[in-house]
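Structure first, then comments.
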Protein chains: 4
Amino acid sequence: MPRRIKRFDQGEPLSPWRENIHEIIFEADTLQGKAFDVFLIVAIILSVIAVMLESVATIRYEYGFWLDLAEWSFTIMFTIEYIFRLICVRKPWLYARSFLGIVDLISILPSYISLMYTGAETLLVIRVLRVLRIFRIFKLAEYLGEAEALIKAMRSSRKKIMVFLYTIFLFVVIFGSIMYLVEGEESGFTSIPRSVYWAIITLTTVGYGDIVPQTNIGQMIAAAVMIMGYAIIAVPTGIYSTELLKAYRETTNTACINCGEEGHDNDAEFCKFCGEKL
Amino acid sequence: MPRRIKRFDQGEPLSPWRENIHEIIFEADTLQGKAFDVFLIVAIILSVIAVMLESVATIRYEYGFWLDLAEWSFTIMFTIEYIFRLICVRKPWLYARSFLGIVDLISILPSYISLMYTGAETLLVIRVLRVLRIFRIFKLAEYLGEAEALIKAMRSSRKKIMVFLYTIFLFVVIFGSIMYLVEGEESGFTSIPRSVYWAIITLTTVGYGDIVPQTNIGQMIAAAVMIMGYAIIAVPTGIYSTELLKAYRETTNTACINCGEEGHDNDAEFCKFCGEKL
Amino acid sequence: MPRRIKRFDQGEPLSPWRENIHEIIFEADTLQGKAFDVFLIVAIILSVIAVMLESVATIRYEYGFWLDLAEWSFTIMFTIEYIFRLICVRKPWLYARSFLGIVDLISILPSYISLMYTGAETLLVIRVLRVLRIFRIFKLAEYLGEAEALIKAMRSSRKKIMVFLYTIFLFVVIFGSIMYLVEGEESGFTSIPRSVYWAIITLTTVGYGDIVPQTNIGQMIAAAVMIMGYAIIAVPTGIYSTELLKAYRETTNTACINCGEEGHDNDAEFCKFCGEKL
Amino acid sequence: MPRRIKRFDQGEPLSPWRENIHEIIFEADTLQGKAFDVFLIVAIILSVIAVMLESVATIRYEYGFWLDLAEWSFTIMFTIEYIFRLICVRKPWLYARSFLGIVDLISILPSYISLMYTGAETLLVIRVLRVLRIFRIFKLAEYLGEAEALIKAMRSSRKKIMVFLYTIFLFVVIFGSIMYLVEGEESGFTSIPRSVYWAIITLTTVGYGDIVPQTNIGQMIAAAVMIMGYAIIAVPTGIYSTELLKAYRETTNTACINCGEEGHDNDAEFCKFCGEKL
């Protein structure tokens, strides 16, 4: 995040007042900056809660007006904020295209869209994404670091996971079709897509119970699918654990310039074998 | 636990009789100490069972009186015990504020509260927490050691888990809202909060089946959520496994004589922070 | 298993014919030995299937007589086998008390008991345990080795798992009681034990859906329990993975007599660092 | 895959035109080759979708004719392709017996079978297996490598998993039988097989809720099974993680120049089997 901000803050310096606004809106170092962020988070959370409450019929009938009011005030507030963000950044276009920039935009659009198409305002929950900024307040870097570690491990296990998901896909399609043949209409396996849906419900051990096999042979196949699903959950877990561990090991692969030994921890400042400064 | 006890046992020595009671109530070295602990555990378990049984209508109607009697005798017993604990410890206030001290207190309060507000006695199940003392009897230290290892790993994976939970939170809010739009009232997705509740049920693979998608598109999204939930269970597991393994690799007890820093590896010969010979 | 057999085969030698029977019944080296084992496994599986089929009403009404016949012939057969095992072993009493010896006994008793108490014959499924002998046929040692590795890891993670289970126990009791207070009778939370049962169903992500929270607050608590259950599944997995890895590492902790380096594989015959014979 | 193709491409060279077809059908290096593969994948996916859609009653009634048409054109197309594959490969018989060869065959057969037995066309979904060829297009080797890593870990954990599955099998049979005795007909535990089915549903945490214990004792046993299932999921995961990590530690490709053995660690400088310098 900081890096991204840096990126679209290169270029000619801002006029002092824009510089100030920038300080407040984008940074969390100054007191106003922190205050602004806290205020923003609260506003975001409130607006999301408002959208959620409005979806509850009983509440909508009673407080509909006030919730609409709240929603619109939040929208206008966020719109102004968005404009200011565009103003007080050196490269507005870059910010607008940055992940957070897009989030900022799509979290105000639904309100305006809802003027044409009612119901669209529900999409305002997307605002919840803005809460990502929460990490800005209390030690951001740390959390981002953790997140990066997780994402790094995910990226490096991406291919394995894809192979795994493709296998799952084959499983559910084939078992779904078999069950369609075995169980048929009367058990609720009305079509292959629906049977595949059942296979997914079963393999992932979710087990709604809205579609369940009735015949003996069907239940035997179902049992097989369950045990399969119960056993192969080990695969993604194994993959991810290994990747995380690798990621952790790799960071410890800096060799000592004195004794050349490796395997130092991330926070190591001296070689643990010869005491040489790393 | 032993350390905590130590802490609030500093200060001027106790009079002999208080010393004896202390021996019996707080320590498990002497025969009486052990006997007391065993007796206490049994009493605690019995009292919890009593509370549970009382909640069963049929049993309450038949044995209500005896269960009330039992409950009150246990409460009075534990109250006396609590008072004695306060008396026979050097720093009562410190004990009263210690975790186990608070547990001891809140495990007697509900009975007295129930005199004003009926139903409160159900809270007596909190007494089950007191069973923590069970570890006191058979080799306490060991088990606490194990627990500490687990907690240590949890603490060090705290941030990663928080990032993970926040992602989950985003997932369920957004998918819940989408399902609210897709499925709507008639399928039981009567509001966003309820849809989020469904999303949690599905993502965690609990799958009650009290709310299930009816439309094709809804079932497709549900399938996606299930597979997602099935795959990302790998994340917390991977995190925790790695942390446990790290914890195992580190010898957390050897501190550097120079800088006093801990967390050196088993094979470390020099402090990784100051380069001092270990 | 072989070791156990050895143990109760010490002592004075058997008469030749008993020696022969012993060869056939206990060992799987000779052709007859193998043949006997295969025959035995088939018989065991058939007898278990017979018991299962008999429990199916429709089948019982039609083939009840034949199934009873089969059951009794199997029982008599196994009884004879059991007697022979006792005869052809040097220390019958030791065998009778060994795990497999007890299994052999209790897998014939139910039939005889069923003469007095009908229904007892269902317990004959215990015979399925006898299939353990299956490992005898194809490379036994190997599989036992694997099993031992798994059990070893389980034993060393026993304490951690107990601490974990105790925490789970606290969780479900406390959350169960809370839900009993929050939801009450009309939602099916008719008593604390039943609510605890619900909490277990939810925390373990089984989610039958026979008891589900109806109130908003109840569903919020349920959601919390689900996410908790979804996250803490990481704990036993992490523990067990670590223990398995340790077990694997420990076997590789033989130091080289020449360079003193450790971390050689199980199958290593030479030091991988200096090439010295291990 | 490439290796397999190689295998049945030894022998006398093909005539130029067959060579060309071979280039196009089997390889993905040339432009036509890529184009053909892409076209093939699309055709496969479309044909699978067609089969799925046909299974949906409403769609069948409306577009049945067109779907049949599509299905048959795909079948004929794939038949021609299959014949060409046989023609343009040096050892047709070897290809026909190769995994992909068999898949290619069984993915056209159902249509012809359906002429005799209606309903068989559902088996056409098996065509989904043909999508395996998709890996051919974008960097095949990589993905196969990943897959091989996963399969290698699976193979080496095969025995442990079998021991695990056998234990699971014992569990469900025994607990199923107990529940059959405890719950009996009226709770839906109408037979041992059905009770075993319930045990599998519960142990794997699928929890359909179509069969649930009604008695107190039954629910207690169920709770035990759930917690067991929740805890022992750790076993396969632990096994697999460890195997994956082992696989990662070993550099399976460097063979010793002296004894030709493989499986040395990354940091190995000498062959662990013969002590030869690597």
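Just remember, in the structure tokens the first chain shown is A, the second B, etc., residues are 1-based per chain, and ligands are 1-based in the order shown.
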Exercise for the section: Identify, on the basis of only C-alpha atoms, every residue whose closest approach to A:Val225 does not exceed 9 Å; exclude the query and any residue fewer than 6 positions from it along the same chain; express the result as JSON, numbers by chain. Expected result: {"A": [171, 172, 175, 199, 202, 203]}
Practice task
Check every residue of chain D for an atom within 10 Å of chain B, counting only C-alpha atoms, and provide those that qualify as a PyMOL selection string.
Solution key: chain D and resi 205-209+234+237-238+241
Using only C-alpha atoms, please write the residues we just selected to a file, as a short mmCIF file (atom, residue, chain, number, x, y, z; two decimals), in the first residue's frame.
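Written out: out_34.cif:
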```cif
data_model
loop_
_atom_site.label_atom_id
_atom_site.label_comp_id
_atom_site.auth_asym_id
_atom_site.auth_seq_id
_atom_site.Cartn_x
_atom_site.Cartn_y
_atom_site.Cartn_z
CA THR D 205 -18.43 -34.19 9.20
CA VAL D 206 -20.71 -34.16 6.14
CA GLY D 207 -23.81 -34.32 8.35
CA TYR D 208 -26.73 -34.51 5.91
CA GLY D 209 -29.21 -34.73 8.75
CA ALA D 234 -5.49 -34.39 11.40
CA THR D 237 -3.34 -34.17 6.64
CA GLY D 238 -0.32 -34.76 8.84
CA SER D 241 2.11 -32.70 4.68
#
```
Handout entry: One-decimal distance in Å that lies between atom CA of C:Ala247 and atom CA of C:Lys152
Key =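 Going from atom CA of C:Lys152 over to atom CA of C:Ala247, I get 7.7 Å.
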Problem - All helix (DSSP H, G or I) positions in stretch 96-255 of chain A, as a PyMOL selection string - result: chain A and resi 96-97+99-106+109-116+120-137+140-156+158-182+185-187+192-203+216-232+234-250
